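A.B. asks: Take a look at the following structure, please.
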Amino acid sequence: MSYQLLKGKKGLIFGALNDQSIAWKVAERAVEEGAEIVLTNTPVSIRMGTIDRLAERCHSIVIPADATSVADLELLIDGTMARFGGKFDFILHSIGMSPNVRKGRKYDDLDYDYLAKTLDISAVSFHKVIQVARKKDALNDWGSIVALTYIAAQRTLYGYNDMADAKALLESIARSFGYIYGREKHVRVNTVSQSPTPTTAGNGVLGMGDLMEFAENMSPLGNASAADCADYVLTLFSDLTRKVTMQNLYHDGGFSSMGMSRRAMHTYEKGLRFDDVREHQYPFGEPQE
C-alpha cells in the first residue's frame, strides 16, 4: 500500500547491492511512495551486485562512488543535483564493511590497518557524505539524513568485532552533525538501529544465524525484516518526522528494551538442564574419601 509519503521528494541512496540489501528495499519503497532517487555504490560493488536492475525498476540512475573518497563524493553530489535539477531531500547511508571480520581476525587480535579501513568505510564515510552535501548546499531545508546502525554500538555482542566500534562512531557523527545541520538548515540526522538482518554484509558476522535466533526469541514483536526497516526509514524521510533529529532510533521488535523473555529463558533452561545429574555433577570422577 502506498501513502504517497514522499510525493515530490528526491533522494540519494547509498549501499544497495542486491535484493537482500536494506538499501534496496528502501529504494523500492521510496519510489512507491512517490520519490525520485539516485543510487550509488562502489564500482566493485556495482560489478558484483545487481544494482542496475534496481535502477531500471526505479527509473533511476547509478552513479559509482567510493564513499571514503571526498573527490568521488563531490562528483556524486554534483551528479545527483544535475539529475534532479537542483537540491534534493534525503540521503540514506547503508554502508558497512570490516576487513578484520572478512579475514577472520578476532577483536583481541585486530590488524590495525584493517581497523582503520573498517572505521573509514563504516563510519567516517558518513561524516564525509554529510560534510560534502553541506558544503555544496545540496539538501533542501527540512531534509533528512539516515544511517543504519546496530545495538552492538551500546552492548557487547560476541562476534560483531570492530564493527561495534564503527557503529558507535557512526552514531556520534549523527549527533554532532545533527546539531550543526539542524541549526543551519533544519536538516535532520538520525540513525536507525535495526534487528540483525541477513544481508550480504550481515551474513559475514560470526554466528549471525544464532544471533538472529536469539534476538527473535528475546523480542516481543520478533525481528524486524529488511522490508520492515525500509518502511520505518521512509517515515524519517517524510514530513511527519520534521522535529526528529540526533536520535538513535531502535527498530528491533523491542529487543533493545528487554532483559529476559520467557522464550529465551526456556531455551536457557533446556541448555542448563542435565538428564543425567550424576554424570555431570562430577565431570572428573567422584571425589575419593
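Chain identifiers are assigned as A, B, and so on, following the order in which chains appear in the C-alpha cells; residues are numbered from 1 within each chain, and ligands are numbered from 1 in order of appearance.
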Sorted by chain and rising residue number, which residues of segment 15-120 of chain A lie within 7 Å of segment 155-173 of chain A, and what are their closest atom pairs and distances in Å to one decimal, counting only C-alpha atoms, as a Markdown table?

C.D. replies:
```
| residue | atom | partner | partner_atom | distance |
| --- | --- | --- | --- | --- |
| A:Ser98 | CA | A:Met163 | CA | 6.4 |
| A:Val101 | CA | A:Asn161 | CA | 6.9 |
| A:Lys106 | CA | A:Asn161 | CA | 6.6 |
| A:Tyr107 | CA | A:Asn161 | CA | 5.2 |
| A:Leu115 | CA | A:Asp162 | CA | 6.9 |
| A:Thr118 | CA | A:Ala166 | CA | 6.8 |
| A:Leu119 | CA | A:Ala166 | CA | 5.1 |
```

A.B. asks: Which residues of segment 117-205 of chain A come within 9 Å of segment 218-232 of chain A, and for each one, what is the closest pair of atoms and their distance in Å to one decimal, counting only C-alpha atoms, sorted by chain and residue number, as a Markdown table?

C.D. replies:
```
| residue | atom | partner | partner_atom | distance |
| --- | --- | --- | --- | --- |
| A:Val192 | CA | A:Cys229 | CA | 8.4 |
| A:Gln194 | CA | A:Cys229 | CA | 7.0 |
| A:Ser195 | CA | A:Ala224 | CA | 5.6 |
| A:Pro196 | CA | A:Asn223 | CA | 7.4 |
| A:Thr197 | CA | A:Ser225 | CA | 6.5 |
| A:Pro198 | CA | A:Ala226 | CA | 8.4 |
| A:Thr199 | CA | A:Ala226 | CA | 8.3 |
```

A.B. asks: Using DSSP on the backbone coordinates, identify the residues of segment 94-230 of chain A assigned to strand (DSSP E); present them as a PyMOL selection string.

C.D. replies: chain A and resi 139-149+188-194

A.B. asks: Restricting it to N, CA, C and O atoms, dump the selection as a PDB file, in the first residue's frame.

C.D. replies:
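Saved to selection.pdb:
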```pdb
ATOM      1  N   LEU A 139      21.124  19.822   0.103  1.00  0.00           N
ATOM      2  CA  LEU A 139      19.832  19.388   0.651  1.00  0.00           C
ATOM      3  C   LEU A 139      18.897  20.570   0.874  1.00  0.00           C
ATOM      4  O   LEU A 139      19.313  21.642   1.324  1.00  0.00           O
ATOM      5  N   ASN A 140      17.642  20.331   0.584  1.00  0.00           N
ATOM      6  CA  ASN A 140      16.615  21.319   0.885  1.00  0.00           C
ATOM      7  C   ASN A 140      16.450  21.483   2.381  1.00  0.00           C
ATOM      8  O   ASN A 140      16.745  20.562   3.160  1.00  0.00           O
ATOM      9  N   ASP A 141      15.962  22.646   2.807  1.00  0.00           N
ATOM     10  CA  ASP A 141      15.602  22.832   4.213  1.00  0.00           C
ATOM     11  C   ASP A 141      14.612  21.751   4.624  1.00  0.00           C
ATOM     12  O   ASP A 141      13.741  21.365   3.843  1.00  0.00           O
ATOM     13  N   TRP A 142      14.744  21.279   5.856  1.00  0.00           N
ATOM     14  CA  TRP A 142      13.929  20.196   6.404  1.00  0.00           C
ATOM     15  C   TRP A 142      14.198  18.870   5.711  1.00  0.00           C
ATOM     16  O   TRP A 142      13.369  17.973   5.716  1.00  0.00           O
ATOM     17  N   GLY A 143      15.397  18.745   5.136  1.00  0.00           N
ATOM     18  CA  GLY A 143      15.802  17.469   4.583  1.00  0.00           C
ATOM     19  C   GLY A 143      16.089  16.462   5.689  1.00  0.00           C
ATOM     20  O   GLY A 143      16.035  16.767   6.880  1.00  0.00           O
ATOM     21  N   SER A 144      16.429  15.230   5.281  1.00  0.00           N
ATOM     22  CA  SER A 144      16.620  14.147   6.252  1.00  0.00           C
ATOM     23  C   SER A 144      17.754  13.240   5.807  1.00  0.00           C
ATOM     24  O   SER A 144      17.834  12.848   4.641  1.00  0.00           O
ATOM     25  N   ILE A 145      18.648  12.937   6.755  1.00  0.00           N
ATOM     26  CA  ILE A 145      19.748  12.014   6.511  1.00  0.00           C
ATOM     27  C   ILE A 145      19.637  10.878   7.525  1.00  0.00           C
ATOM     28  O   ILE A 145      19.495  11.120   8.726  1.00  0.00           O
ATOM     29  N   VAL A 146      19.711   9.645   7.041  1.00  0.00           N
ATOM     30  CA  VAL A 146      19.572   8.468   7.904  1.00  0.00           C
ATOM     31  C   VAL A 146      20.721   7.503   7.625  1.00  0.00           C
ATOM     32  O   VAL A 146      21.069   7.259   6.468  1.00  0.00           O
ATOM     33  N   ALA A 147      21.294   6.964   8.696  1.00  0.00           N
ATOM     34  CA  ALA A 147      22.297   5.900   8.570  1.00  0.00           C
ATOM     35  C   ALA A 147      21.822   4.683   9.349  1.00  0.00           C
ATOM     36  O   ALA A 147      21.120   4.812  10.363  1.00  0.00           O
ATOM     37  N   LEU A 148      22.207   3.516   8.894  1.00  0.00           N
ATOM     38  CA  LEU A 148      21.820   2.267   9.557  1.00  0.00           C
ATOM     39  C   LEU A 148      22.902   1.831  10.531  1.00  0.00           C
ATOM     40  O   LEU A 148      24.097   1.845  10.209  1.00  0.00           O
ATOM     41  N   THR A 149      22.480   1.423  11.722  1.00  0.00           N
ATOM     42  CA  THR A 149      23.409   1.029  12.766  1.00  0.00           C
ATOM     43  C   THR A 149      22.900  -0.240  13.447  1.00  0.00           C
ATOM     44  O   THR A 149      21.960  -0.880  12.975  1.00  0.00           O
ATOM     45  N   ARG A 188      17.575  17.094   9.358  1.00  0.00           N
ATOM     46  CA  ARG A 188      17.628  16.105  10.449  1.00  0.00           C
ATOM     47  C   ARG A 188      18.651  15.025  10.126  1.00  0.00           C
ATOM     48  O   ARG A 188      18.777  14.611   8.977  1.00  0.00           O
ATOM     49  N   VAL A 189      19.329  14.559  11.169  1.00  0.00           N
ATOM     50  CA  VAL A 189      20.302  13.471  11.015  1.00  0.00           C
ATOM     51  C   VAL A 189      20.031  12.438  12.107  1.00  0.00           C
ATOM     52  O   VAL A 189      20.130  12.734  13.297  1.00  0.00           O
ATOM     53  N   ASN A 190      19.675  11.232  11.706  1.00  0.00           N
ATOM     54  CA  ASN A 190      19.333  10.175  12.652  1.00  0.00           C
ATOM     55  C   ASN A 190      19.972   8.854  12.236  1.00  0.00           C
ATOM     56  O   ASN A 190      20.359   8.667  11.079  1.00  0.00           O
ATOM     57  N   THR A 191      20.069   7.936  13.195  1.00  0.00           N
ATOM     58  CA  THR A 191      20.478   6.571  12.900  1.00  0.00           C
ATOM     59  C   THR A 191      19.344   5.623  13.291  1.00  0.00           C
ATOM     60  O   THR A 191      18.621   5.867  14.259  1.00  0.00           O
ATOM     61  N   VAL A 192      19.203   4.551  12.537  1.00  0.00           N
ATOM     62  CA  VAL A 192      18.208   3.516  12.820  1.00  0.00           C
ATOM     63  C   VAL A 192      18.955   2.251  13.215  1.00  0.00           C
ATOM     64  O   VAL A 192      19.755   1.712  12.441  1.00  0.00           O
ATOM     65  N   SER A 193      18.719   1.793  14.446  1.00  0.00           N
ATOM     66  CA  SER A 193      19.359   0.599  14.973  1.00  0.00           C
ATOM     67  C   SER A 193      18.459  -0.599  14.679  1.00  0.00           C
ATOM     68  O   SER A 193      17.454  -0.841  15.358  1.00  0.00           O
ATOM     69  N   GLN A 194      18.816  -1.334  13.654  1.00  0.00           N
ATOM     70  CA  GLN A 194      17.989  -2.390  13.093  1.00  0.00           C
ATOM     71  C   GLN A 194      18.266  -3.741  13.745  1.00  0.00           C
ATOM     72  O   GLN A 194      19.370  -4.001  14.234  1.00  0.00           O
TER      73      GLN A 194
END
```

A.B. asks: What is the distance, in Å and to one decimal place, between atom CA of Glu213 of chain A and atom CA of Phe255 of chain A?

C.D. replies: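 Between atom CA of Glu213 of chain A and atom CA of Phe255 of chain A the gap works out to 11.9 Å.
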
A.B. asks: Using only C-alpha atoms, pick whichever of A:Ala153, A:Leu5, A:Leu75, A:Leu54 has the shortest atom-to-atom distance to Ala23 of chain A.

C.D. replies: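 Ranking A:Ala153, A:Leu5, A:Leu75, A:Leu54 by distance to Ala23 of chain A, first place goes to A:Leu54.
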
A.B. asks: As an mmCIF file with N, CA and C atoms, in the first residue's frame, please: every residue in segment 179-257 of chain A that DSSP puts in helix (DSSP H, G or I).

C.D. replies:
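Output below, filename states30.cif:
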```cif
data_model
loop_
_atom_site.group_PDB
_atom_site.id
_atom_site.type_symbol
_atom_site.label_atom_id
_atom_site.label_comp_id
_atom_site.auth_asym_id
_atom_site.auth_seq_id
_atom_site.Cartn_x
_atom_site.Cartn_y
_atom_site.Cartn_z
ATOM 1 N N TYR A 179 23.312 18.469 15.122
ATOM 2 C CA TYR A 179 23.232 19.804 15.738
ATOM 3 C C TYR A 179 23.581 20.892 14.726
ATOM 4 N N ILE A 180 24.691 20.708 14.014
ATOM 5 C CA ILE A 180 25.158 21.735 13.075
ATOM 6 C C ILE A 180 24.173 21.919 11.915
ATOM 7 N N TYR A 181 23.803 20.816 11.277
ATOM 8 C CA TYR A 181 22.938 20.889 10.093
ATOM 9 C C TYR A 181 21.513 21.297 10.475
ATOM 10 N N GLY A 182 21.086 20.871 11.648
ATOM 11 C CA GLY A 182 19.749 21.246 12.095
ATOM 12 C C GLY A 182 19.644 22.730 12.394
ATOM 13 N N ARG A 183 20.653 23.268 13.045
ATOM 14 C CA ARG A 183 20.666 24.685 13.383
ATOM 15 C C ARG A 183 20.682 25.556 12.127
ATOM 16 N N GLU A 184 21.425 25.125 11.116
ATOM 17 C CA GLU A 184 21.610 25.946 9.919
ATOM 18 C C GLU A 184 20.509 25.780 8.879
ATOM 19 N N LYS A 185 20.080 24.517 8.637
ATOM 20 C CA LYS A 185 19.174 24.245 7.517
ATOM 21 C C LYS A 185 17.959 23.409 7.907
ATOM 22 N N GLY A 202 25.667 -8.526 6.588
ATOM 23 C CA GLY A 202 25.321 -9.109 7.879
ATOM 24 C C GLY A 202 25.708 -10.563 7.993
ATOM 25 N N ASN A 203 25.630 -11.289 6.896
ATOM 26 C CA ASN A 203 25.959 -12.706 6.929
ATOM 27 C C ASN A 203 27.441 -12.967 7.169
ATOM 28 N N GLY A 204 28.266 -11.922 7.055
ATOM 29 C CA GLY A 204 29.681 -12.081 7.327
ATOM 30 C C GLY A 204 30.025 -12.066 8.805
ATOM 31 N N MET A 208 25.972 -15.299 12.902
ATOM 32 C CA MET A 208 24.818 -14.477 12.538
ATOM 33 C C MET A 208 23.501 -15.235 12.709
ATOM 34 N N GLY A 209 23.471 -16.497 12.308
ATOM 35 C CA GLY A 209 22.252 -17.281 12.441
ATOM 36 C C GLY A 209 21.815 -17.424 13.885
ATOM 37 N N ASP A 210 22.763 -17.740 14.770
ATOM 38 C CA ASP A 210 22.446 -17.869 16.191
ATOM 39 C C ASP A 210 22.011 -16.531 16.777
ATOM 40 N N LEU A 211 22.661 -15.456 16.342
ATOM 41 C CA LEU A 211 22.306 -14.125 16.823
ATOM 42 C C LEU A 211 20.879 -13.770 16.433
ATOM 43 N N MET A 212 20.490 -14.084 15.219
ATOM 44 C CA MET A 212 19.128 -13.801 14.763
ATOM 45 C C MET A 212 18.107 -14.604 15.568
ATOM 46 N N GLU A 213 18.428 -15.865 15.832
ATOM 47 C CA GLU A 213 17.510 -16.700 16.602
ATOM 48 C C GLU A 213 17.370 -16.187 18.031
ATOM 49 N N PHE A 214 18.486 -15.786 18.624
ATOM 50 C CA PHE A 214 18.450 -15.231 19.975
ATOM 51 C C PHE A 214 17.601 -13.965 20.019
ATOM 52 N N ALA A 215 17.818 -13.044 19.068
ATOM 53 C CA ALA A 215 17.061 -11.798 19.036
ATOM 54 C C ALA A 215 15.582 -12.065 18.789
ATOM 55 N N GLU A 216 15.280 -13.038 17.950
ATOM 56 C CA GLU A 216 13.885 -13.396 17.685
ATOM 57 C C GLU A 216 13.190 -13.869 18.958
ATOM 58 N N ASN A 217 13.890 -14.669 19.757
ATOM 59 C CA ASN A 217 13.312 -15.185 20.999
ATOM 60 C C ASN A 217 13.216 -14.115 22.077
ATOM 61 N N MET A 218 14.071 -13.117 22.021
ATOM 62 C CA MET A 218 14.065 -12.062 23.031
ATOM 63 C C MET A 218 13.051 -10.961 22.731
ATOM 64 N N ALA A 226 14.209 -6.614 6.598
ATOM 65 C CA ALA A 226 14.708 -5.517 5.768
ATOM 66 C C ALA A 226 13.555 -4.679 5.222
ATOM 67 N N ALA A 227 12.466 -5.340 4.835
ATOM 68 C CA ALA A 227 11.302 -4.610 4.326
ATOM 69 C C ALA A 227 10.669 -3.759 5.433
ATOM 70 N N ASP A 228 10.603 -4.299 6.655
ATOM 71 C CA ASP A 228 10.093 -3.515 7.791
ATOM 72 C C ASP A 228 10.953 -2.279 8.016
ATOM 73 N N CYS A 229 12.261 -2.470 7.924
ATOM 74 C CA CYS A 229 13.191 -1.355 8.135
ATOM 75 C C CYS A 229 12.973 -0.280 7.080
ATOM 76 N N ALA A 230 12.768 -0.698 5.847
ATOM 77 C CA ALA A 230 12.521 0.273 4.771
ATOM 78 C C ALA A 230 11.299 1.133 5.082
ATOM 79 N N ASP A 231 10.237 0.515 5.558
ATOM 80 C CA ASP A 231 9.032 1.277 5.912
ATOM 81 C C ASP A 231 9.337 2.319 6.981
ATOM 82 N N TYR A 232 10.135 1.920 7.971
ATOM 83 C CA TYR A 232 10.454 2.841 9.064
ATOM 84 C C TYR A 232 11.322 4.002 8.575
ATOM 85 N N VAL A 233 12.308 3.690 7.739
ATOM 86 C CA VAL A 233 13.189 4.733 7.213
ATOM 87 C C VAL A 233 12.388 5.754 6.410
ATOM 88 N N LEU A 234 11.383 5.289 5.675
ATOM 89 C CA LEU A 234 10.576 6.217 4.880
ATOM 90 C C LEU A 234 9.881 7.256 5.753
ATOM 91 N N THR A 235 9.454 6.848 6.950
ATOM 92 C CA THR A 235 8.817 7.833 7.836
ATOM 93 C C THR A 235 9.804 8.920 8.235
ATOM 94 N N LEU A 236 11.088 8.566 8.337
ATOM 95 C CA LEU A 236 12.110 9.550 8.705
ATOM 96 C C LEU A 236 12.461 10.461 7.528
ATOM 97 N N PHE A 237 12.214 10.015 6.325
ATOM 98 C CA PHE A 237 12.387 10.865 5.146
ATOM 99 C C PHE A 237 11.183 11.780 4.938
ATOM 100 N N ASP A 239 7.710 14.208 5.851
ATOM 101 C CA ASP A 239 7.456 15.421 6.646
ATOM 102 C C ASP A 239 6.799 15.112 7.982
ATOM 103 N N LEU A 240 6.456 13.865 8.236
ATOM 104 C CA LEU A 240 5.816 13.504 9.503
ATOM 105 C C LEU A 240 6.806 13.511 10.665
ATOM 106 N N THR A 241 8.105 13.547 10.366
ATOM 107 C CA THR A 241 9.129 13.489 11.425
ATOM 108 C C THR A 241 10.048 14.707 11.351
ATOM 109 N N PHE A 255 13.676 -5.593 21.165
ATOM 110 C CA PHE A 255 14.859 -6.254 21.717
ATOM 111 C C PHE A 255 15.654 -5.340 22.647
ATOM 112 N N SER A 256 15.824 -4.084 22.251
ATOM 113 C CA SER A 256 16.686 -3.155 22.980
ATOM 114 C C SER A 256 16.174 -2.826 24.370
ATOM 115 N N SER A 257 14.896 -3.086 24.645
ATOM 116 C CA SER A 257 14.333 -2.806 25.969
ATOM 117 C C SER A 257 14.170 -4.055 26.830
#
```

A.B. asks: Could you check how far atom CA of Glu74 of chain A sits from atom CA of Val244 of chain A, in Å to one decimal?

C.D. replies: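 Atom CA of Val244 of chain A lies 27.3 Å from atom CA of Glu74 of chain A.
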
A.B. asks: Can you work out the spacing between atom CA of Gln154 of chain A and atom CA of Arg175 of chain A in Å, to one decimal?

C.D. replies: 14.9 Å

A.B. asks: Excluding Ile91 of chain A and any residue of its chain fewer than 6 positions from it, enumerate the residues within 6 Å of it, using only C-alpha atoms, and give them as a ChimeraX atom specification.

C.D. replies: /A:11-13,145
